$ cat input.cif   # mmCIF, C-alpha atoms, pLDDT in the B column; chains and numbers go by the auth columns
data_query
#
loop_
_atom_site.group_PDB
_atom_site.id
_atom_site.type_symbol
_atom_site.label_atom_id
_atom_site.label_comp_id
_atom_site.label_asym_id
_atom_site.label_seq_id
_atom_site.Cartn_x
_atom_site.Cartn_y
_atom_site.Cartn_z
_atom_site.B_iso_or_equiv
_atom_site.auth_seq_id
_atom_site.auth_asym_id
ATOM 1 C CA MET A 1 3.345 -28.096 13.614 40.00 1 A
ATOM 2 C CA ASN A 2 2.061 -30.175 10.717 40.00 2 A
ATOM 3 C CA ARG A 3 -0.547 -28.417 8.659 42.00 3 A
ATOM 4 C CA ARG A 4 -2.563 -29.428 5.638 40.00 4 A
ATOM 5 C CA LEU A 5 -3.134 -26.340 3.558 44.00 5 A
ATOM 6 C CA LEU A 6 -5.652 -26.132 0.793 43.00 6 A
ATOM 7 C CA LEU A 7 -4.254 -24.334 -2.236 42.00 7 A
ATOM 8 C CA ILE A 8 -7.266 -23.020 -4.040 41.00 8 A
ATOM 9 C CA THR A 9 -6.194 -24.564 -7.306 37.00 9 A
ATOM 10 C CA ALA A 10 -9.709 -25.379 -8.400 35.00 10 A
ATOM 11 C CA VAL A 11 -10.723 -21.779 -7.886 39.00 11 A
ATOM 12 C CA ALA A 12 -7.669 -20.537 -9.754 41.00 12 A
ATOM 13 C CA ILE A 13 -8.352 -22.834 -12.691 34.00 13 A
ATOM 14 C CA GLY A 14 -11.990 -21.819 -12.811 40.00 14 A
ATOM 15 C CA ALA A 15 -11.213 -18.148 -12.492 42.00 15 A
ATOM 16 C CA ALA A 16 -8.643 -18.448 -15.261 37.00 16 A
ATOM 17 C CA LEU A 17 -11.565 -18.767 -17.651 33.00 17 A
ATOM 18 C CA TYR A 18 -12.253 -15.122 -16.889 36.00 18 A
ATOM 19 C CA LEU A 19 -8.706 -13.763 -17.123 34.00 19 A
ATOM 20 C CA ARG A 20 -8.056 -10.985 -19.582 34.00 20 A
ATOM 21 C CA ALA A 21 -4.901 -10.193 -21.494 28.00 21 A
ATOM 22 C CA ASP A 22 -3.816 -7.728 -18.809 30.00 22 A
ATOM 23 C CA GLY A 23 -3.815 -10.536 -16.223 33.00 23 A
ATOM 24 C CA SER A 24 -6.804 -9.251 -14.290 39.00 24 A
ATOM 25 C CA ASP A 25 -10.059 -11.040 -13.591 39.00 25 A
ATOM 26 C CA GLY A 26 -12.587 -10.726 -16.415 38.00 26 A
ATOM 27 C CA THR A 27 -14.944 -8.296 -14.759 37.00 27 A
ATOM 28 C CA ARG A 28 -15.216 -4.535 -14.869 38.00 28 A
ATOM 29 C CA LEU A 29 -13.611 -3.393 -11.642 44.00 29 A
ATOM 30 C CA ASP A 30 -13.577 0.350 -12.250 44.00 30 A
ATOM 31 C CA ASP A 31 -16.481 2.446 -11.032 48.00 31 A
ATOM 32 C CA ALA A 32 -17.745 5.722 -12.349 44.00 32 A
ATOM 33 C CA GLY A 33 -16.195 7.873 -9.637 45.00 33 A
ATOM 34 C CA SER A 34 -13.318 10.230 -10.348 53.00 34 A
ATOM 35 C CA GLU A 35 -10.134 9.901 -8.355 49.00 35 A
ATOM 36 C CA SER A 36 -10.257 12.563 -5.657 74.00 36 A
ATOM 37 C CA ALA A 37 -7.391 11.171 -3.591 94.00 37 A
ATOM 38 C CA PRO A 38 -4.422 8.979 -4.521 96.00 38 A
ATOM 39 C CA ILE A 39 -4.193 5.249 -3.969 98.00 39 A
ATOM 40 C CA HIS A 40 -1.151 4.557 -1.806 98.00 40 A
ATOM 41 C CA ASP A 41 1.119 1.511 -1.739 98.00 41 A
ATOM 42 C CA VAL A 42 1.774 -0.183 1.587 98.00 42 A
ATOM 43 C CA GLY A 43 5.258 -0.664 2.973 98.00 43 A
ATOM 44 C CA VAL A 44 5.251 -4.367 3.817 98.00 44 A
ATOM 45 C CA SER A 45 5.687 -7.268 1.391 98.00 45 A
ATOM 46 C CA ASN A 46 5.007 -10.990 1.308 97.00 46 A
ATOM 47 C CA ALA A 47 7.468 -13.706 0.300 94.00 47 A
ATOM 48 C CA ALA A 48 6.711 -13.059 -3.377 94.00 48 A
ATOM 49 C CA GLY A 49 7.618 -9.379 -3.009 96.00 49 A
ATOM 50 C CA ARG A 50 3.988 -8.298 -3.440 97.00 50 A
ATOM 51 C CA SER A 51 2.493 -5.808 -1.010 98.00 51 A
ATOM 52 C CA GLY A 52 -0.879 -4.097 -1.388 99.00 52 A
ATOM 53 C CA ALA A 53 -2.474 -0.664 -1.354 99.00 53 A
ATOM 54 C CA TYR A 54 -4.919 1.523 0.543 99.00 54 A
ATOM 55 C CA TYR A 55 -7.278 4.383 -0.173 98.00 55 A
ATOM 56 C CA ALA A 56 -8.280 7.125 2.282 98.00 56 A
ATOM 57 C CA PRO A 57 -10.841 9.587 0.867 97.00 57 A
ATOM 58 C CA LEU A 58 -10.198 13.287 1.240 95.00 58 A
ATOM 59 C CA GLY A 59 -11.803 14.623 4.403 94.00 59 A
ATOM 60 C CA LEU A 60 -12.032 11.213 6.068 96.00 60 A
ATOM 61 C CA SER A 61 -12.600 11.569 9.809 94.00 61 A
ATOM 62 C CA PRO A 62 -9.547 10.370 11.777 96.00 62 A
ATOM 63 C CA VAL A 63 -11.680 8.612 14.398 97.00 63 A
ATOM 64 C CA ASP A 64 -14.358 5.913 14.244 97.00 64 A
ATOM 65 C CA VAL A 65 -13.306 5.022 10.706 98.00 65 A
ATOM 66 C CA PRO A 66 -15.137 2.111 9.039 99.00 66 A
ATOM 67 C CA VAL A 67 -12.639 -0.154 7.263 99.00 67 A
ATOM 68 C CA LEU A 68 -13.180 -2.263 4.145 99.00 68 A
ATOM 69 C CA VAL A 69 -10.496 -4.892 3.472 99.00 69 A
ATOM 70 C CA LEU A 70 -10.606 -6.149 -0.125 99.00 70 A
ATOM 71 C CA MET A 71 -9.304 -9.512 -1.351 99.00 71 A
ATOM 72 C CA HIS A 72 -8.667 -9.224 -5.071 99.00 72 A
ATOM 73 C CA PRO A 73 -9.568 -11.852 -7.703 98.00 73 A
ATOM 74 C CA THR A 74 -7.092 -14.332 -9.131 97.00 74 A
ATOM 75 C CA GLY A 75 -4.474 -12.712 -11.346 96.00 75 A
ATOM 76 C CA SER A 76 -5.024 -9.217 -9.994 98.00 76 A
ATOM 77 C CA SER A 77 -3.757 -6.989 -7.172 98.00 77 A
ATOM 78 C CA GLY A 78 -5.049 -4.907 -4.318 98.00 78 A
ATOM 79 C CA ARG A 79 -4.322 -1.661 -6.166 98.00 79 A
ATOM 80 C CA ALA A 80 -6.302 -2.844 -9.195 98.00 80 A
ATOM 81 C CA PHE A 81 -9.324 -3.809 -7.067 98.00 81 A
ATOM 82 C CA ILE A 82 -9.654 -0.589 -5.044 98.00 82 A
ATOM 83 C CA PRO A 83 -11.353 1.453 -7.833 98.00 83 A
ATOM 84 C CA ALA A 84 -14.358 -0.890 -7.687 98.00 84 A
ATOM 85 C CA PHE A 85 -15.346 0.677 -4.348 98.00 85 A
ATOM 86 C CA ARG A 86 -13.593 4.053 -4.476 98.00 86 A
ATOM 87 C CA SER A 87 -16.603 6.248 -5.257 97.00 87 A
ATOM 88 C CA LEU A 88 -18.577 4.579 -2.454 98.00 88 A
ATOM 89 C CA ALA A 89 -15.691 5.263 -0.082 98.00 89 A
ATOM 90 C CA ASP A 90 -15.674 8.910 -1.188 97.00 90 A
ATOM 91 C CA SER A 91 -19.402 9.375 -0.645 97.00 91 A
ATOM 92 C CA LEU A 92 -19.812 7.336 2.547 98.00 92 A
ATOM 93 C CA GLY A 93 -16.467 7.902 4.247 98.00 93 A
ATOM 94 C CA PHE A 94 -14.607 4.640 4.785 99.00 94 A
ATOM 95 C CA LEU A 95 -11.024 3.446 4.445 99.00 95 A
ATOM 96 C CA ILE A 96 -10.113 0.744 1.903 99.00 96 A
ATOM 97 C CA VAL A 97 -7.203 -1.623 2.572 99.00 97 A
ATOM 98 C CA ALA A 98 -6.302 -4.111 -0.168 99.00 98 A
ATOM 99 C CA PRO A 99 -3.452 -6.609 0.330 99.00 99 A
ATOM 100 C CA ASP A 100 -1.832 -8.557 -2.499 99.00 100 A
ATOM 101 C CA SER A 101 -1.908 -12.347 -2.622 98.00 101 A
ATOM 102 C CA ARG A 102 1.093 -14.580 -2.919 96.00 102 A
ATOM 103 C CA THR A 103 2.350 -16.119 -6.168 95.00 103 A
ATOM 104 C CA THR A 104 2.273 -19.923 -6.397 93.00 104 A
ATOM 105 C CA PRO A 105 5.376 -21.921 -7.399 92.00 105 A
ATOM 106 C CA THR A 106 3.851 -22.204 -10.879 93.00 106 A
ATOM 107 C CA GLY A 107 3.471 -18.433 -11.153 94.00 107 A
ATOM 108 C CA VAL A 108 -0.263 -18.089 -10.466 94.00 108 A
ATOM 109 C CA VAL A 109 -1.251 -14.979 -8.514 96.00 109 A
ATOM 110 C CA THR A 110 -3.852 -16.337 -6.101 95.00 110 A
ATOM 111 C CA TRP A 111 -4.665 -16.918 -2.442 97.00 111 A
ATOM 112 C CA GLN A 112 -3.932 -19.751 -0.008 95.00 112 A
ATOM 113 C CA VAL A 113 -6.715 -20.816 2.363 95.00 113 A
ATOM 114 C CA GLY A 114 -6.454 -23.032 5.446 92.00 114 A
ATOM 115 C CA ASP A 115 -8.078 -26.453 5.153 82.00 115 A
ATOM 116 C CA ARG A 116 -8.952 -26.994 8.816 88.00 116 A
ATOM 117 C CA GLN A 117 -9.392 -25.044 12.040 88.00 117 A
ATOM 118 C CA GLY A 118 -6.123 -23.605 13.268 91.00 118 A
ATOM 119 C CA ASP A 119 -4.392 -23.505 9.888 94.00 119 A
ATOM 120 C CA VAL A 120 -2.467 -20.276 9.344 97.00 120 A
ATOM 121 C CA THR A 121 -1.381 -19.372 5.821 97.00 121 A
ATOM 122 C CA ASP A 122 1.117 -16.789 4.650 97.00 122 A
ATOM 123 C CA ASP A 123 -1.722 -14.868 3.008 98.00 123 A
ATOM 124 C CA LEU A 124 -3.563 -14.583 6.325 98.00 124 A
ATOM 125 C CA LEU A 125 -0.430 -13.287 8.047 98.00 125 A
ATOM 126 C CA HIS A 126 0.324 -10.849 5.227 98.00 126 A
ATOM 127 C CA THR A 127 -3.228 -9.480 5.289 99.00 127 A
ATOM 128 C CA MET A 128 -2.979 -8.784 9.005 99.00 128 A
ATOM 129 C CA SER A 129 0.455 -7.204 8.514 99.00 129 A
ATOM 130 C CA VAL A 130 -0.897 -4.898 5.800 99.00 130 A
ATOM 131 C CA LEU A 131 -3.853 -3.839 7.958 98.00 131 A
ATOM 132 C CA GLU A 132 -1.606 -3.091 10.916 98.00 132 A
ATOM 133 C CA TRP A 133 0.829 -1.129 8.727 98.00 133 A
ATOM 134 C CA VAL A 134 -1.979 1.063 7.376 98.00 134 A
ATOM 135 C CA ARG A 135 -3.348 1.695 10.862 97.00 135 A
ATOM 136 C CA ARG A 136 0.081 2.682 12.108 97.00 136 A
ATOM 137 C CA GLU A 137 1.024 4.881 9.153 97.00 137 A
ATOM 138 C CA THR A 138 -2.281 6.743 8.771 96.00 138 A
ATOM 139 C CA LEU A 139 -2.931 7.166 12.517 96.00 139 A
ATOM 140 C CA LEU A 140 -6.613 6.566 11.807 97.00 140 A
ATOM 141 C CA VAL A 141 -8.704 5.115 14.635 97.00 141 A
ATOM 142 C CA MET A 142 -10.800 2.208 13.406 97.00 142 A
ATOM 143 C CA ASP A 143 -14.503 1.844 14.169 98.00 143 A
ATOM 144 C CA GLU A 144 -14.290 -1.644 15.647 96.00 144 A
ATOM 145 C CA SER A 145 -18.007 -2.227 15.078 97.00 145 A
ATOM 146 C CA ARG A 146 -17.681 -1.795 11.299 98.00 146 A
ATOM 147 C CA VAL A 147 -14.781 -3.760 9.812 99.00 147 A
ATOM 148 C CA LEU A 148 -15.699 -5.644 6.635 99.00 148 A
ATOM 149 C CA ILE A 149 -13.466 -8.037 4.704 99.00 149 A
ATOM 150 C CA ALA A 150 -14.778 -8.789 1.215 99.00 150 A
ATOM 151 C CA GLY A 151 -13.369 -11.072 -1.462 99.00 151 A
ATOM 152 C CA PHE A 152 -14.320 -11.390 -5.102 99.00 152 A
ATOM 153 C CA SER A 153 -14.063 -14.511 -7.300 98.00 153 A
ATOM 154 C CA GLY A 154 -10.766 -16.271 -6.494 97.00 154 A
ATOM 155 C CA GLY A 155 -10.382 -14.024 -3.442 98.00 155 A
ATOM 156 C CA ALA A 156 -13.854 -14.715 -2.064 98.00 156 A
ATOM 157 C CA SER A 157 -12.933 -17.672 0.149 98.00 157 A
ATOM 158 C CA MET A 158 -10.284 -15.635 1.962 98.00 158 A
ATOM 159 C CA ALA A 159 -12.853 -13.269 3.498 99.00 159 A
ATOM 160 C CA PRO A 160 -14.646 -15.683 5.873 98.00 160 A
ATOM 161 C CA TYR A 161 -11.436 -17.631 6.486 98.00 161 A
ATOM 162 C CA ILE A 162 -9.661 -14.552 7.834 98.00 162 A
ATOM 163 C CA ALA A 163 -12.703 -12.976 9.515 98.00 163 A
ATOM 164 C CA THR A 164 -13.506 -16.088 11.555 98.00 164 A
ATOM 165 C CA ASN A 165 -9.892 -16.602 12.604 98.00 165 A
ATOM 166 C CA ARG A 166 -8.689 -13.074 13.390 98.00 166 A
ATOM 167 C CA SER A 167 -10.034 -9.876 14.932 97.00 167 A
ATOM 168 C CA PRO A 168 -11.061 -7.093 14.360 98.00 168 A
ATOM 169 C CA PHE A 169 -13.410 -8.179 11.563 99.00 169 A
ATOM 170 C CA THR A 170 -17.149 -7.855 12.181 98.00 170 A
ATOM 171 C CA HIS A 171 -18.459 -8.662 8.683 99.00 171 A
ATOM 172 C CA ALA A 172 -17.359 -10.908 5.811 99.00 172 A
ATOM 173 C CA ALA A 173 -18.533 -10.890 2.188 99.00 173 A
ATOM 174 C CA VAL A 174 -18.204 -13.675 -0.376 99.00 174 A
ATOM 175 C CA LEU A 175 -18.711 -12.098 -3.806 99.00 175 A
ATOM 176 C CA HIS A 176 -19.159 -14.506 -6.716 99.00 176 A
ATOM 177 C CA GLY A 177 -17.061 -17.202 -5.093 98.00 177 A
ATOM 178 C CA ARG A 178 -16.886 -20.084 -2.658 95.00 178 A
ATOM 179 C CA VAL A 179 -16.103 -20.896 0.976 96.00 179 A
ATOM 180 C CA PHE A 180 -13.941 -23.733 2.306 94.00 180 A
ATOM 181 C CA THR A 181 -15.733 -24.394 5.580 95.00 181 A
ATOM 182 C CA GLY A 182 -13.003 -26.637 7.008 95.00 182 A
ATOM 183 C CA GLY A 183 -10.750 -23.643 7.598 96.00 183 A
ATOM 184 C CA LEU A 184 -13.335 -21.448 9.301 97.00 184 A
ATOM 185 C CA GLY A 185 -12.478 -20.379 12.830 96.00 185 A
ATOM 186 C CA ARG A 186 -14.557 -19.847 15.944 94.00 186 A
ATOM 187 C CA ARG A 187 -15.324 -16.143 15.572 96.00 187 A
ATOM 188 C CA GLY A 188 -18.918 -15.386 14.657 93.00 188 A
ATOM 189 C CA VAL A 189 -19.230 -12.681 11.999 98.00 189 A
ATOM 190 C CA ARG A 190 -22.150 -11.500 9.906 98.00 190 A
ATOM 191 C CA THR A 191 -21.732 -12.951 6.429 99.00 191 A
ATOM 192 C CA TRP A 192 -22.852 -11.794 2.986 99.00 192 A
ATOM 193 C CA LEU A 193 -23.010 -14.003 -0.112 99.00 193 A
ATOM 194 C CA SER A 194 -23.952 -12.758 -3.578 99.00 194 A
ATOM 195 C CA THR A 195 -23.573 -13.722 -7.210 99.00 195 A
ATOM 196 C CA GLY A 196 -24.932 -12.959 -10.651 98.00 196 A
ATOM 197 C CA ALA A 197 -28.017 -14.587 -12.114 98.00 197 A
ATOM 198 C CA GLU A 198 -25.931 -15.698 -15.099 98.00 198 A
ATOM 199 C CA ASP A 199 -22.656 -16.382 -13.258 98.00 199 A
ATOM 200 C CA ASP A 200 -21.221 -19.725 -14.397 97.00 200 A
ATOM 201 C CA PHE A 201 -18.283 -19.533 -11.979 97.00 201 A
ATOM 202 C CA ALA A 202 -20.458 -19.118 -8.870 98.00 202 A
ATOM 203 C CA PRO A 203 -23.905 -20.401 -9.933 98.00 203 A
ATOM 204 C CA VAL A 204 -26.946 -19.255 -7.990 98.00 204 A
ATOM 205 C CA GLY A 205 -27.771 -22.787 -6.830 98.00 205 A
ATOM 206 C CA GLU A 206 -24.294 -23.335 -5.402 97.00 206 A
ATOM 207 C CA VAL A 207 -24.350 -20.012 -3.569 98.00 207 A
ATOM 208 C CA ARG A 208 -27.747 -20.790 -2.061 98.00 208 A
ATOM 209 C CA SER A 209 -26.504 -24.198 -0.914 98.00 209 A
ATOM 210 C CA LEU A 210 -23.461 -22.549 0.637 97.00 210 A
ATOM 211 C CA ALA A 211 -25.677 -20.039 2.448 98.00 211 A
ATOM 212 C CA ALA A 212 -27.744 -22.902 3.858 98.00 212 A
ATOM 213 C CA GLU A 213 -24.600 -24.695 5.015 97.00 213 A
ATOM 214 C CA LEU A 214 -23.315 -21.594 6.782 97.00 214 A
ATOM 215 C CA ARG A 215 -26.663 -21.114 8.490 97.00 215 A
ATOM 216 C CA ARG A 216 -26.455 -24.687 9.761 96.00 216 A
ATOM 217 C CA LEU A 217 -23.097 -23.668 11.238 95.00 217 A
ATOM 218 C CA ARG A 218 -24.971 -20.816 12.993 95.00 218 A
ATOM 219 C CA TYR A 219 -23.686 -17.938 10.892 96.00 219 A
ATOM 220 C CA ASP A 220 -25.873 -14.880 10.350 98.00 220 A
ATOM 221 C CA VAL A 221 -26.125 -14.958 6.544 98.00 221 A
ATOM 222 C CA THR A 222 -27.505 -12.484 4.027 98.00 222 A
ATOM 223 C CA GLU A 223 -27.619 -13.610 0.399 98.00 223 A
ATOM 224 C CA GLY A 224 -28.474 -11.933 -2.869 98.00 224 A
ATOM 225 C CA THR A 225 -28.646 -12.519 -6.611 98.00 225 A
ATOM 226 C CA TYR A 226 -28.010 -9.705 -9.082 98.00 226 A
ATOM 227 C CA SER A 227 -28.393 -9.247 -12.806 97.00 227 A
ATOM 228 C CA GLY A 228 -25.503 -10.198 -15.029 97.00 228 A
ATOM 229 C CA GLY A 229 -22.727 -12.728 -14.820 98.00 229 A
ATOM 230 C CA HIS A 230 -19.300 -12.829 -13.172 98.00 230 A
ATOM 231 C CA GLY A 231 -19.001 -9.161 -12.324 97.00 231 A
ATOM 232 C CA LEU A 232 -19.851 -6.637 -9.622 98.00 232 A
ATOM 233 C CA SER A 233 -22.852 -4.494 -10.505 97.00 233 A
ATOM 234 C CA ALA A 234 -23.420 -1.046 -9.041 98.00 234 A
ATOM 235 C CA ASP A 235 -26.514 -2.294 -7.211 98.00 235 A
ATOM 236 C CA GLU A 236 -24.622 -5.215 -5.693 99.00 236 A
ATOM 237 C CA LYS A 237 -21.834 -3.011 -4.390 99.00 237 A
ATOM 238 C CA ALA A 238 -24.253 -0.409 -3.024 98.00 238 A
ATOM 239 C CA ASP A 239 -26.354 -3.054 -1.270 99.00 239 A
ATOM 240 C CA LEU A 240 -23.259 -4.670 0.232 99.00 240 A
ATOM 241 C CA ILE A 241 -21.985 -1.405 1.684 99.00 241 A
ATOM 242 C CA ALA A 242 -25.446 -0.475 3.011 99.00 242 A
ATOM 243 C CA TRP A 243 -25.716 -3.895 4.706 99.00 243 A
ATOM 244 C CA TRP A 244 -22.312 -3.355 6.311 99.00 244 A
ATOM 245 C CA LEU A 245 -22.605 0.270 7.421 98.00 245 A
ATOM 246 C CA GLY A 246 -26.241 0.031 8.438 92.00 246 A
ATOM 247 C CA PRO A 247 -28.742 2.876 8.691 76.00 247 A
#
$ encode --input "input.cif" --output "C-alpha cells"
Amino acid sequence: MNRRLLLITAVAIGAALYLRADGSDGTRLDDAGSESAPIHDVGVSNAAGRSGAYYAPLGLSPVDVPVLVLMHPTGSSGRAFIPAFRSLADSLGFLIVAPDSRTTPTGVVTWQVGDRQGDVTDDLLHTMSVLEWVRRETLLVMDESRVLIAGFSGGASMAPYIATNRSPFTHAAVLHGRVFTGGLGRRGVRTWLSTGAEDDFAPVGEVRSLAAELRRLRYDVTEGTYSGGHGLSADEKADLIAWWLGP
C-alpha cells in the first residue's frame, strides 16, 4: 500500500537548537525523587536496534494499574526520559513505559509520524510492541480507563497520533510540541496541551491555535501555560498527572 509518511524533520531541526553535548534535549529531565526501584530495559528492538525501558514502583498493585507511556524528545531515549516522572510514579502508583524512537538515515534520533489517516509508521508499531512486551513480562493488569501517552518536544506529536489510531489509550498529552492533524485517527481521546510562557520552540500562541483546531475536530482539550521556557516544570508535571488520574 502506498503511504506518504511525514518525517518530522522540521521538529528535529527546531529541537536541535536545544540539544546538549550529551545528545539529550536541552531541558532538565531529572526530578527530585530518589530511585527506589530500578529502571528496566525492554526486550524488543526496532530496526535501528533501539528498544526502550519501563519503571514499576516498589509496591505497585498488580491489578488496575494506570499506565503512562512516554515519548522522549529528539536525541534522547526512553530510559533517559523516565526520571522526569519517576517520583510521581512512586507517590501515586503508576507504571511508566518509554519506547525508543528510530534513527533516521542521516543519524538523527527522532520519531516518524503518519501524514494522513491510516498511515502506520515503524515507530507506532514499535511503541505498541514495547507496551505489549511490558504487559506480558510484568504480568500487571492495566487499568483500561487510565492509559496516558505523553510526548515532549520532538516526541510530542507522536502522542495524539498513536492514541487516536490504537487502543488502549484514553488520554494524550502534547508537551511543548506540535500535532500533525493529518495523521490523527478516529479514536476520541482526552487531550492535554501545555507549554512554557517563554518557550520559543512551542510558543504560547501556536499552542493555543492548535488547541482551537483540535476542538474544532471535536477533541476534548485541556491547555495550560507554565512559567519558564522549553522544559517541564514540577507544577506542569503534577497538573498533567492529576488531570489524567482524576480525583
$ axis_aligned_box --input "input.cif" --around "range 46-52 of chain A" --padding-each-side "6 Å" --output "lines of an AutoDock Vina configuration file"
center_x = 3.4
center_y = -8.9
center_z = -1.1
size_x = 20.5
size_y = 21.6
size_z = 16.7
$ closest_residue --input "input.cif" --among "A:Thr195, A:Gln112, A:Asn165, A:Thr225" --to "Phe152 in chain A" --atoms "only C-alpha atoms"
A:Thr195
$ atom_distance --input "input.cif" --atom1 "CA of Gly154 in chain A" --atom2 "CA of Leu70 in chain A"
12.0 Å
$ resolve_selection --input "input.cif" --expression "the PyMOL selection byres ((chain A and resi 89-99) around 7)" --output "list of chain:residue names"
A:Ser51, A:Gly52, A:Ala53, A:Tyr54, A:Tyr55, A:Ala56, A:Pro57, A:Leu60, A:Val65, A:Pro66, A:Val67, A:Leu68, A:Val69, A:Leu70, A:Met71, A:Gly78, A:Arg79, A:Ile82, A:Phe85, A:Arg86, A:Ser87, A:Leu88, A:Asp100, A:Ser101, A:Thr127, A:Val130, A:Leu131
$ resolve_selection --input "input.cif" --expression "the PyMOL selection byres ((chain A and resi 216-224) around 10)" --output "NGL selection string"
:A and (171-175 or 181 or 187-197 or 204 or 207-208 or 210-215 or 225-226 or 236 or 239-240 or 243)
$ atom_distance --input "input.cif" --atom1 "CA of Ala48 in chain A" --atom2 "CA of Leu148 in chain A"
25.6 Å
$ closest_residue --input "input.cif" --among "A:Val44, A:Met142, A:Val113, A:Ala84" --to "Phe180 in chain A" --atoms "all atoms listed in the file"
A:Val113
$ build_atoms --input "input.cif" --residues "range 142-157 of chain A" --atoms "N, CA and C atoms" --output "PDB file, keeping the file's coordinate frame"
ATOM      1  N   MET A 142      -9.788   3.054  14.015  1.00 97.00           N
ATOM      2  CA  MET A 142     -10.800   2.208  13.406  1.00 97.00           C
ATOM      3  C   MET A 142     -12.080   2.161  14.231  1.00 97.00           C
ATOM      4  N   ASP A 143     -13.222   2.128  13.536  1.00 98.00           N
ATOM      5  CA  ASP A 143     -14.503   1.844  14.169  1.00 98.00           C
ATOM      6  C   ASP A 143     -14.606   0.327  14.294  1.00 98.00           C
ATOM      7  N   GLU A 144     -14.384  -0.199  15.472  1.00 96.00           N
ATOM      8  CA  GLU A 144     -14.290  -1.644  15.647  1.00 96.00           C
ATOM      9  C   GLU A 144     -15.633  -2.352  15.554  1.00 96.00           C
ATOM     10  N   SER A 145     -16.707  -1.604  15.322  1.00 97.00           N
ATOM     11  CA  SER A 145     -18.007  -2.227  15.078  1.00 97.00           C
ATOM     12  C   SER A 145     -18.317  -2.341  13.590  1.00 97.00           C
ATOM     13  N   ARG A 146     -17.428  -1.799  12.744  1.00 98.00           N
ATOM     14  CA  ARG A 146     -17.681  -1.795  11.299  1.00 98.00           C
ATOM     15  C   ARG A 146     -16.385  -2.067  10.531  1.00 98.00           C
ATOM     16  N   VAL A 147     -15.979  -3.336  10.543  1.00 99.00           N
ATOM     17  CA  VAL A 147     -14.781  -3.760   9.812  1.00 99.00           C
ATOM     18  C   VAL A 147     -15.180  -4.924   8.909  1.00 99.00           C
ATOM     19  N   LEU A 148     -15.258  -4.660   7.623  1.00 99.00           N
ATOM     20  CA  LEU A 148     -15.699  -5.644   6.635  1.00 99.00           C
ATOM     21  C   LEU A 148     -14.516  -6.146   5.831  1.00 99.00           C
ATOM     22  N   ILE A 149     -14.416  -7.460   5.648  1.00 99.00           N
ATOM     23  CA  ILE A 149     -13.466  -8.037   4.704  1.00 99.00           C
ATOM     24  C   ILE A 149     -14.269  -8.705   3.601  1.00 99.00           C
ATOM     25  N   ALA A 150     -14.000  -8.318   2.358  1.00 99.00           N
ATOM     26  CA  ALA A 150     -14.778  -8.789   1.215  1.00 99.00           C
ATOM     27  C   ALA A 150     -13.850  -9.311   0.138  1.00 99.00           C
ATOM     28  N   GLY A 151     -14.160 -10.487  -0.392  1.00 99.00           N
ATOM     29  CA  GLY A 151     -13.369 -11.072  -1.462  1.00 99.00           C
ATOM     30  C   GLY A 151     -14.216 -11.352  -2.682  1.00 99.00           C
ATOM     31  N   PHE A 152     -13.613 -11.164  -3.843  1.00 99.00           N
ATOM     32  CA  PHE A 152     -14.320 -11.390  -5.102  1.00 99.00           C
ATOM     33  C   PHE A 152     -13.681 -12.534  -5.875  1.00 99.00           C
ATOM     34  N   SER A 153     -14.502 -13.428  -6.427  1.00 98.00           N
ATOM     35  CA  SER A 153     -14.063 -14.511  -7.300  1.00 98.00           C
ATOM     36  C   SER A 153     -13.016 -15.370  -6.595  1.00 98.00           C
ATOM     37  N   GLY A 154     -11.802 -15.460  -7.126  1.00 97.00           N
ATOM     38  CA  GLY A 154     -10.766 -16.271  -6.494  1.00 97.00           C
ATOM     39  C   GLY A 154     -10.342 -15.779  -5.127  1.00 97.00           C
ATOM     40  N   GLY A 155     -10.686 -14.542  -4.774  1.00 98.00           N
ATOM     41  CA  GLY A 155     -10.382 -14.024  -3.442  1.00 98.00           C
ATOM     42  C   GLY A 155     -11.506 -14.174  -2.449  1.00 98.00           C
ATOM     43  N   ALA A 156     -12.660 -14.678  -2.916  1.00 98.00           N
ATOM     44  CA  ALA A 156     -13.854 -14.715  -2.064  1.00 98.00           C
ATOM     45  C   ALA A 156     -13.671 -15.575  -0.827  1.00 98.00           C
ATOM     46  N   SER A 157     -13.050 -16.738  -0.976  1.00 98.00           N
ATOM     47  CA  SER A 157     -12.933 -17.672   0.149  1.00 98.00           C
ATOM     48  C   SER A 157     -12.037 -17.151   1.259  1.00 98.00           C
TER      49      SER A 157
END
